[in-house]
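Content type compact mmCIF, C-alpha atoms, from the file protein_11.txt:
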```
# COMPACT_ATOMS: atom_id res chain seq x y z
CA MET A 74 -105.09 -14.62 16.89
CA ASN A 75 -101.35 -14.21 17.43
CA VAL A 76 -99.94 -11.00 18.88
CA ALA A 77 -96.57 -9.84 17.59
CA PRO A 78 -93.77 -10.17 20.18
CA GLU A 79 -92.75 -6.58 19.47
CA LYS A 80 -96.23 -5.37 20.43
CA ILE A 81 -96.20 -7.39 23.66
CA GLU A 82 -92.75 -6.06 24.55
CA SER A 83 -93.87 -2.49 23.83
CA GLN A 84 -96.96 -2.90 26.00
CA THR A 85 -94.89 -4.36 28.85
CA SER A 86 -92.42 -1.49 28.59
CA THR A 87 -95.28 1.03 28.72
CA ASP A 88 -96.79 -0.67 31.78
CA ASN A 89 -93.42 -0.66 33.54
CA SER A 90 -92.97 3.01 32.69
CA ILE A 91 -96.34 3.88 34.22
CA VAL A 92 -95.58 1.86 37.34
CA HIS A 93 -92.22 3.59 37.73
CA LYS A 94 -93.80 7.02 37.32
CA ILE A 95 -96.37 6.22 40.00
CA ALA A 96 -93.60 4.90 42.26
CA LYS A 97 -91.64 8.12 41.77
CA ILE A 98 -94.67 10.26 42.59
CA ILE A 99 -95.27 8.25 45.77
CA SER A 100 -91.59 8.62 46.70
CA VAL A 101 -91.79 12.40 46.33
CA LEU A 102 -95.08 12.78 48.20
CA PHE A 103 -93.82 10.71 51.12
CA HIS A 104 -90.24 11.92 51.16
CA PRO A 105 -88.94 11.70 54.75
CA LEU A 106 -88.56 15.49 54.92
CA PHE A 107 -92.32 15.85 54.40
CA VAL A 108 -93.31 13.28 57.02
CA PRO A 109 -93.02 15.72 59.99
CA ILE A 110 -95.39 18.13 58.23
CA TYR A 111 -97.98 15.41 57.72
CA PHE A 112 -97.83 14.23 61.32
CA VAL A 113 -97.93 17.70 62.87
CA TRP A 114 -100.82 18.64 60.58
CA PHE A 115 -102.61 15.55 61.89
CA LEU A 116 -101.98 16.59 65.49
CA LEU A 117 -103.13 20.14 64.83
CA TYR A 118 -106.29 19.55 62.85
CA ILE A 119 -107.43 15.93 63.33
CA HIS A 120 -106.28 14.71 66.75
CA PRO A 121 -109.08 15.58 69.19
CA LEU A 122 -106.92 16.64 72.13
CA ALA A 123 -103.29 17.30 71.18
CA PHE A 124 -103.63 21.04 70.49
CA ILE A 125 -106.85 21.76 72.32
CA GLY A 126 -106.98 25.40 73.41
CA PHE A 127 -104.73 26.61 70.60
CA SER A 128 -106.17 29.30 68.36
CA ALA A 129 -106.22 28.95 64.58
CA MET A 130 -103.29 31.36 64.32
CA GLN A 131 -101.28 29.47 66.94
CA LYS A 132 -101.84 26.21 65.10
CA PHE A 133 -100.75 27.76 61.83
CA GLN A 134 -97.64 29.23 63.44
CA THR A 135 -96.76 25.83 64.90
CA LEU A 136 -97.06 24.21 61.48
CA ILE A 137 -94.84 26.89 59.94
CA ILE A 138 -92.20 26.47 62.66
CA VAL A 139 -92.10 22.72 62.10
CA CYS A 140 -91.96 23.19 58.33
CA ILE A 141 -89.03 25.61 58.56
CA ASN A 142 -86.96 23.63 61.07
CA LEU A 143 -87.66 20.06 60.02
CA THR A 144 -88.16 20.44 56.28
CA ILE A 145 -86.89 23.69 54.76
CA PHE A 146 -83.58 23.97 56.67
CA PRO A 147 -82.56 20.35 55.89
CA LEU A 148 -83.62 20.77 52.26
CA VAL A 149 -81.66 24.02 51.87
CA SER A 150 -78.60 22.41 53.45
CA VAL A 151 -78.69 19.61 50.87
CA LEU A 152 -79.05 22.12 48.03
CA LEU A 153 -76.10 24.13 49.37
CA LEU A 154 -73.99 20.99 49.70
CA LYS A 155 -74.71 20.17 46.06
CA ALA A 156 -73.94 23.72 44.92
CA LEU A 157 -70.62 23.65 46.79
CA GLY A 158 -69.69 20.27 45.37
CA PHE A 159 -69.71 18.32 48.63
CA ILE A 160 -72.26 15.84 47.28
CA GLU A 161 -72.80 14.48 43.77
CA SER A 162 -76.60 14.52 43.73
CA ILE A 163 -79.43 16.02 45.76
CA TYR A 164 -81.03 12.57 45.63
CA LEU A 165 -78.24 11.24 47.89
CA LYS A 166 -77.86 8.04 45.88
CA THR A 167 -74.62 6.93 47.54
CA GLN A 168 -73.60 6.31 51.13
CA LYS A 169 -70.85 8.92 50.79
CA ASP A 170 -73.35 11.59 49.74
CA ARG A 171 -75.47 10.92 52.82
CA ILE A 172 -72.85 11.50 55.52
CA ILE A 173 -72.86 15.30 55.73
CA PRO A 174 -76.65 15.67 55.17
CA TYR A 175 -77.29 13.22 58.03
CA ILE A 176 -75.07 15.31 60.32
CA ALA A 177 -76.63 18.60 59.21
CA CYS A 178 -80.17 17.31 59.60
CA GLY A 179 -79.32 15.88 63.00
CA ILE A 180 -78.28 19.36 64.15
CA PHE A 181 -81.55 20.88 62.92
CA PHE A 182 -83.60 18.10 64.51
CA PHE A 183 -81.85 18.40 67.87
CA TRP A 184 -82.30 22.18 67.86
CA ALA A 185 -86.03 21.79 67.12
CA PHE A 186 -86.35 19.20 69.90
CA THR A 187 -84.64 21.53 72.39
CA VAL A 188 -86.85 24.48 71.47
CA PHE A 189 -90.13 22.58 71.64
CA LYS A 190 -89.11 20.82 74.85
CA GLU A 191 -88.54 24.17 76.57
CA GLN A 192 -91.92 25.50 75.41
CA THR A 193 -94.24 23.70 77.82
CA LYS A 194 -97.36 24.81 75.98
CA TYR A 195 -96.73 22.20 73.30
CA PRO A 196 -98.06 18.66 73.80
CA MET A 197 -95.53 16.04 74.84
CA VAL A 198 -96.34 13.85 71.84
CA LEU A 199 -94.86 16.51 69.56
CA VAL A 200 -91.67 16.65 71.63
CA VAL A 201 -91.45 12.85 71.60
CA PHE A 202 -91.88 12.77 67.83
CA ILE A 203 -89.11 15.30 67.20
CA LEU A 204 -86.75 13.53 69.58
CA GLY A 205 -87.53 10.32 67.71
CA ILE A 206 -86.61 12.02 64.43
CA PHE A 207 -83.26 13.12 65.88
CA LEU A 208 -82.55 9.61 67.18
CA ALA A 209 -83.50 8.16 63.80
CA SER A 210 -81.13 10.46 61.92
CA SER A 211 -78.34 9.52 64.33
CA ALA A 212 -79.04 5.81 63.93
CA ALA A 213 -79.20 6.23 60.14
CA LEU A 214 -75.79 7.92 60.17
CA LEU A 215 -74.31 4.92 61.97
CA ALA A 216 -76.10 2.41 59.73
CA ASN A 217 -74.86 4.30 56.67
CA ILE A 218 -71.34 3.12 57.49
CA TYR A 219 -72.35 -0.41 56.54
CA PHE A 220 -75.18 -0.09 54.01
CA LYS A 221 -77.51 2.43 52.36
CA VAL A 222 -80.48 2.26 54.69
CA SER A 223 -83.72 3.57 53.19
CA MET A 224 -84.57 7.07 54.41
CA HIS A 225 -88.13 6.67 53.10
CA ALA A 226 -88.52 3.53 55.21
CA ILE A 227 -87.13 5.37 58.24
CA GLY A 228 -89.68 8.13 57.73
CA MET A 229 -92.59 5.72 57.43
CA GLY A 230 -91.28 3.64 60.32
CA GLY A 231 -91.24 6.82 62.39
CA LEU A 232 -94.90 7.43 61.59
CA LEU A 233 -95.75 3.85 62.49
CA GLY A 234 -93.83 4.20 65.73
CA ILE A 235 -95.44 7.44 66.87
CA PHE A 236 -98.95 6.26 66.00
CA ALA A 237 -98.25 3.03 67.86
CA VAL A 238 -97.27 5.18 70.85
CA LEU A 239 -100.52 7.15 70.57
CA PHE A 240 -102.52 3.94 70.35
CA TYR A 241 -100.66 2.37 73.26
CA ASN A 242 -101.42 5.35 75.48
CA ASN A 243 -105.03 4.20 75.77
CA ASN A 244 -106.23 6.24 72.82
CA LEU A 245 -108.45 3.89 70.86
CA SER A 246 -109.37 6.64 68.41
CA MET A 247 -105.84 6.24 67.00
CA ALA A 248 -106.62 2.76 65.64
CA TRP A 249 -107.74 3.97 62.22
CA PRO A 250 -104.77 6.36 61.71
CA LEU A 251 -102.39 3.55 62.68
CA ALA A 252 -104.03 1.23 60.17
CA LEU A 253 -103.90 3.91 57.47
CA VAL A 254 -100.21 4.63 58.10
CA LEU A 255 -99.51 0.90 57.96
CA ILE A 256 -101.07 0.71 54.50
CA ILE A 257 -99.25 3.83 53.29
CA SER A 258 -95.97 2.48 54.63
CA GLY A 259 -96.42 -0.69 52.62
CA ILE A 260 -97.12 1.34 49.47
CA VAL A 261 -94.11 3.62 49.96
CA CYS A 262 -91.71 0.77 50.69
CA THR A 263 -93.00 -1.15 47.69
CA ALA A 264 -92.44 1.92 45.52
CA ARG A 265 -88.81 2.14 46.65
CA LEU A 266 -88.29 -1.52 45.77
CA LEU A 267 -89.92 -1.08 42.35
CA LEU A 268 -87.53 1.78 41.61
CA ASN A 269 -84.58 -0.49 42.48
CA THR A 270 -83.19 2.13 44.81
CA HIS A 271 -82.94 -0.23 47.78
CA THR A 272 -82.74 -3.87 48.73
CA PRO A 273 -85.26 -5.47 51.09
CA LYS A 274 -82.56 -5.30 53.78
CA ASP A 275 -82.38 -1.50 53.40
CA ILE A 276 -86.16 -1.25 53.67
CA TYR A 277 -86.59 -3.50 56.70
CA ALA A 278 -83.70 -1.85 58.52
CA GLY A 279 -85.19 1.59 57.85
CA LEU A 280 -88.59 0.58 59.18
CA LEU A 281 -87.00 -0.92 62.28
CA ILE A 282 -84.95 2.23 62.94
CA GLY A 283 -87.97 4.49 62.51
CA ILE A 284 -90.22 2.46 64.80
CA ALA A 285 -87.57 1.76 67.45
CA THR A 286 -86.44 5.39 67.77
CA GLN A 287 -89.97 6.69 68.29
CA ILE A 288 -90.62 4.07 70.96
CA ALA A 289 -87.27 4.90 72.57
CA ALA A 290 -88.07 8.62 72.55
CA ASN A 291 -91.39 7.94 74.25
CA TYR A 292 -89.61 5.86 76.87
CA PHE A 293 -86.96 8.51 77.58
CA LEU A 294 -89.51 11.30 77.94
```
Exercise: express the given structure as structure tokens:
Amino acid sequence: MNVAPEKIESQTSTDNSIVHKIAKIISVLFHPLFVPIYFVWFLLYIHPLAFIGFSAMQKFQTLIIVCINLTIFPLVSVLLLKALGFIESIYLKTQKDRIIPYIACGIFFFWAFTVFKEQTKYPMVLVVFILGIFLASSAALLANIYFKVSMHAIGMGGLLGIFAVLFYNNNLSMAWPLALVLIISGIVCTARLLLNTHTPKDIYAGLLIGIATQIAANYFL
């Protein structure tokens, strides 16, 4: 039984549409601005020792502080830049659009690092993570001069880097989170490639920046 070429083409188009929709959903769920929330939530409610001694209210307040400084402020700055006409799209599709947001986010990240560093009640791993985020945004700004490095890959690379740090510090219970993040990173990076938003070079460079900056932050602190 022969199938009409038009029907095959229609089915292929539908399949591609579904794949692209899934890729877009993954890209939104694991946007780099949401990555700090996921990691800090892990430290607060899953890691056995990171926030031991903190009350439920203190944990919630910590999560809110991180959300405001590392997610909401950068997001609002991008929206304001779009409203004022400094960038063409909130999706930051071009290298030019990314310059000012990188600088603005770097300021927010450095401020958050300074605040948490001075508050000795917080675990060092949180301070290391935020410093790594600042270093990553700075490295991304420099890389942006030459090519459009993937911010999603930087975010996932940062998660890989910080979980590798946790695992390296003789914490064998971090093996399964590291493996899980590795799988998620592969899915997210594949989604970005399927959407044709980046080249493999952009993806690999982003992963390298994210991993290297977290390891560097751990070394410096």
Could you work out an axis-aligned box for region 91-104 of chain A, taking every atom the file lists and adding 3 Å on each side, and report centre and edge lengths in Å to one decimal, as lines of an AutoDock Vina configuration file?
```
center_x = -93.3
center_y = 7.3
center_z = 42.7
size_x = 12.1
size_y = 16.9
size_z = 22.9
```
Next on the checklist: Between CA of Leu122 (chain A) and CA of Leu208 (chain A), what distance in Å does the model show, to one decimal?
Outcome noted: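 Taking CA of Leu122 (chain A) as the start and CA of Leu208 (chain A) as the end point, the length is 25.8 Å.
Across A:Leu268, A:Met197, A:Leu280, A:Leu214, the tightest approach to Lys169 (chain A) is made by A:Leu214 when counting all atoms listed in the file.
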Could you make a table, as a Markdown table, of the residues of region 87-179 of chain A that have an atom within 10 Å of an atom of region 240-257 of chain A, each with its nearest atom pair and distance in Å to one decimal, counting only C-alpha atoms, in chain and number order?
```
| residue | atom | partner | partner_atom | distance |
| --- | --- | --- | --- | --- |
| A:Ile99 | CA | A:Ile257 | CA | 9.6 |
| A:Phe103 | CA | A:Ile257 | CA | 9.0 |
| A:Phe115 | CA | A:Pro250 | CA | 9.4 |
| A:His120 | CA | A:Met247 | CA | 8.5 |
| A:Pro121 | CA | A:Ser246 | CA | 9.0 |
```
Item to check | Protein and nucleic acid residues near (-85.3, 20.0, 53.3) (cut-off 12 Å, all atoms listed in the file) as a count of residues only | outcome: 31
Checklist entry - Restricting the calculation to only C-alpha atoms, which member of A:Ile180, A:Gly158, A:Val200, A:Ala278 is positioned closest to Gly228 (chain A)? => result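 The closest residue to Gly228 (chain A) is A:Ala278.
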Because some atoms of region 123-147 of chain A are absent here, can you restore N, CA and C atoms and send them as a PDB file, in the frame of the given file?
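Below is the file selection.pdb, written as the result:
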```pdb
ATOM      1  N   ALA A 123    -104.695  16.909  71.159  1.00  0.00           N
ATOM      2  CA  ALA A 123    -103.290  17.300  71.180  1.00  0.00           C
ATOM      3  C   ALA A 123    -103.091  18.809  71.301  1.00  0.00           C
ATOM      4  N   PHE A 124    -103.806  19.580  70.485  1.00  0.00           N
ATOM      5  CA  PHE A 124    -103.630  21.040  70.490  1.00  0.00           C
ATOM      6  C   PHE A 124    -104.913  21.750  70.909  1.00  0.00           C
ATOM      7  N   ILE A 125    -105.633  21.143  71.824  1.00  0.00           N
ATOM      8  CA  ILE A 125    -106.850  21.760  72.320  1.00  0.00           C
ATOM      9  C   ILE A 125    -106.498  23.062  73.051  1.00  0.00           C
ATOM     10  N   GLY A 126    -107.249  24.112  72.794  1.00  0.00           N
ATOM     11  CA  GLY A 126    -106.980  25.400  73.410  1.00  0.00           C
ATOM     12  C   GLY A 126    -106.131  26.324  72.563  1.00  0.00           C
ATOM     13  N   PHE A 127    -105.528  25.780  71.505  1.00  0.00           N
ATOM     14  CA  PHE A 127    -104.730  26.610  70.600  1.00  0.00           C
ATOM     15  C   PHE A 127    -105.664  27.313  69.611  1.00  0.00           C
ATOM     16  N   SER A 128    -105.388  28.571  69.354  1.00  0.00           N
ATOM     17  CA  SER A 128    -106.170  29.300  68.360  1.00  0.00           C
ATOM     18  C   SER A 128    -105.745  28.881  66.958  1.00  0.00           C
ATOM     19  N   ALA A 129    -106.550  29.277  65.966  1.00  0.00           N
ATOM     20  CA  ALA A 129    -106.220  28.950  64.580  1.00  0.00           C
ATOM     21  C   ALA A 129    -104.868  29.519  64.185  1.00  0.00           C
ATOM     22  N   MET A 130    -104.571  30.730  64.635  1.00  0.00           N
ATOM     23  CA  MET A 130    -103.290  31.360  64.320  1.00  0.00           C
ATOM     24  C   MET A 130    -102.133  30.620  64.986  1.00  0.00           C
ATOM     25  N   GLN A 131    -102.322  30.209  66.237  1.00  0.00           N
ATOM     26  CA  GLN A 131    -101.280  29.470  66.940  1.00  0.00           C
ATOM     27  C   GLN A 131    -100.987  28.132  66.278  1.00  0.00           C
ATOM     28  N   LYS A 132    -102.035  27.478  65.807  1.00  0.00           N
ATOM     29  CA  LYS A 132    -101.840  26.210  65.100  1.00  0.00           C
ATOM     30  C   LYS A 132    -101.072  26.424  63.806  1.00  0.00           C
ATOM     31  N   PHE A 133    -101.434  27.458  63.082  1.00  0.00           N
ATOM     32  CA  PHE A 133    -100.750  27.760  61.830  1.00  0.00           C
ATOM     33  C   PHE A 133     -99.287  28.094  62.074  1.00  0.00           C
ATOM     34  N   GLN A 134     -99.025  28.876  63.108  1.00  0.00           N
ATOM     35  CA  GLN A 134     -97.640  29.230  63.440  1.00  0.00           C
ATOM     36  C   GLN A 134     -96.826  27.996  63.804  1.00  0.00           C
ATOM     37  N   THR A 135     -97.443  27.068  64.532  1.00  0.00           N
ATOM     38  CA  THR A 135     -96.760  25.830  64.900  1.00  0.00           C
ATOM     39  C   THR A 135     -96.385  25.034  63.652  1.00  0.00           C
ATOM     40  N   LEU A 136     -97.314  24.937  62.717  1.00  0.00           N
ATOM     41  CA  LEU A 136     -97.060  24.210  61.480  1.00  0.00           C
ATOM     42  C   LEU A 136     -95.921  24.849  60.686  1.00  0.00           C
ATOM     43  N   ILE A 137     -95.897  26.175  60.649  1.00  0.00           N
ATOM     44  CA  ILE A 137     -94.840  26.890  59.940  1.00  0.00           C
ATOM     45  C   ILE A 137     -93.482  26.662  60.601  1.00  0.00           C
ATOM     46  N   ILE A 138     -93.449  26.697  61.933  1.00  0.00           N
ATOM     47  CA  ILE A 138     -92.200  26.470  62.660  1.00  0.00           C
ATOM     48  C   ILE A 138     -91.643  25.084  62.366  1.00  0.00           C
ATOM     49  N   VAL A 139     -92.522  24.097  62.394  1.00  0.00           N
ATOM     50  CA  VAL A 139     -92.100  22.720  62.100  1.00  0.00           C
ATOM     51  C   VAL A 139     -91.612  22.616  60.663  1.00  0.00           C
ATOM     52  N   CYS A 140     -92.334  23.228  59.756  1.00  0.00           N
ATOM     53  CA  CYS A 140     -91.960  23.190  58.330  1.00  0.00           C
ATOM     54  C   CYS A 140     -90.577  23.798  58.107  1.00  0.00           C
ATOM     55  N   ILE A 141     -90.318  24.935  58.744  1.00  0.00           N
ATOM     56  CA  ILE A 141     -89.030  25.610  58.560  1.00  0.00           C
ATOM     57  C   ILE A 141     -87.884  24.787  59.150  1.00  0.00           C
ATOM     58  N   ASN A 142     -88.062  24.306  60.373  1.00  0.00           N
ATOM     59  CA  ASN A 142     -86.960  23.630  61.070  1.00  0.00           C
ATOM     60  C   ASN A 142     -86.735  22.193  60.640  1.00  0.00           C
ATOM     61  N   LEU A 143     -87.795  21.485  60.314  1.00  0.00           N
ATOM     62  CA  LEU A 143     -87.660  20.060  60.020  1.00  0.00           C
ATOM     63  C   LEU A 143     -87.715  19.731  58.526  1.00  0.00           C
ATOM     64  N   THR A 144     -88.080  20.707  57.709  1.00  0.00           N
ATOM     65  CA  THR A 144     -88.160  20.440  56.280  1.00  0.00           C
ATOM     66  C   THR A 144     -87.312  21.414  55.459  1.00  0.00           C
ATOM     67  N   ILE A 145     -87.564  22.703  55.611  1.00  0.00           N
ATOM     68  CA  ILE A 145     -86.890  23.690  54.760  1.00  0.00           C
ATOM     69  C   ILE A 145     -85.391  23.777  55.064  1.00  0.00           C
ATOM     70  N   PHE A 146     -85.003  23.877  56.327  1.00  0.00           N
ATOM     71  CA  PHE A 146     -83.580  23.970  56.670  1.00  0.00           C
ATOM     72  C   PHE A 146     -82.805  22.740  56.174  1.00  0.00           C
ATOM     73  N   PRO A 147     -83.272  21.515  56.438  1.00  0.00           N
ATOM     74  CA  PRO A 147     -82.560  20.350  55.890  1.00  0.00           C
ATOM     75  C   PRO A 147     -82.496  20.348  54.364  1.00  0.00           C
TER      76      PRO A 147
END
```
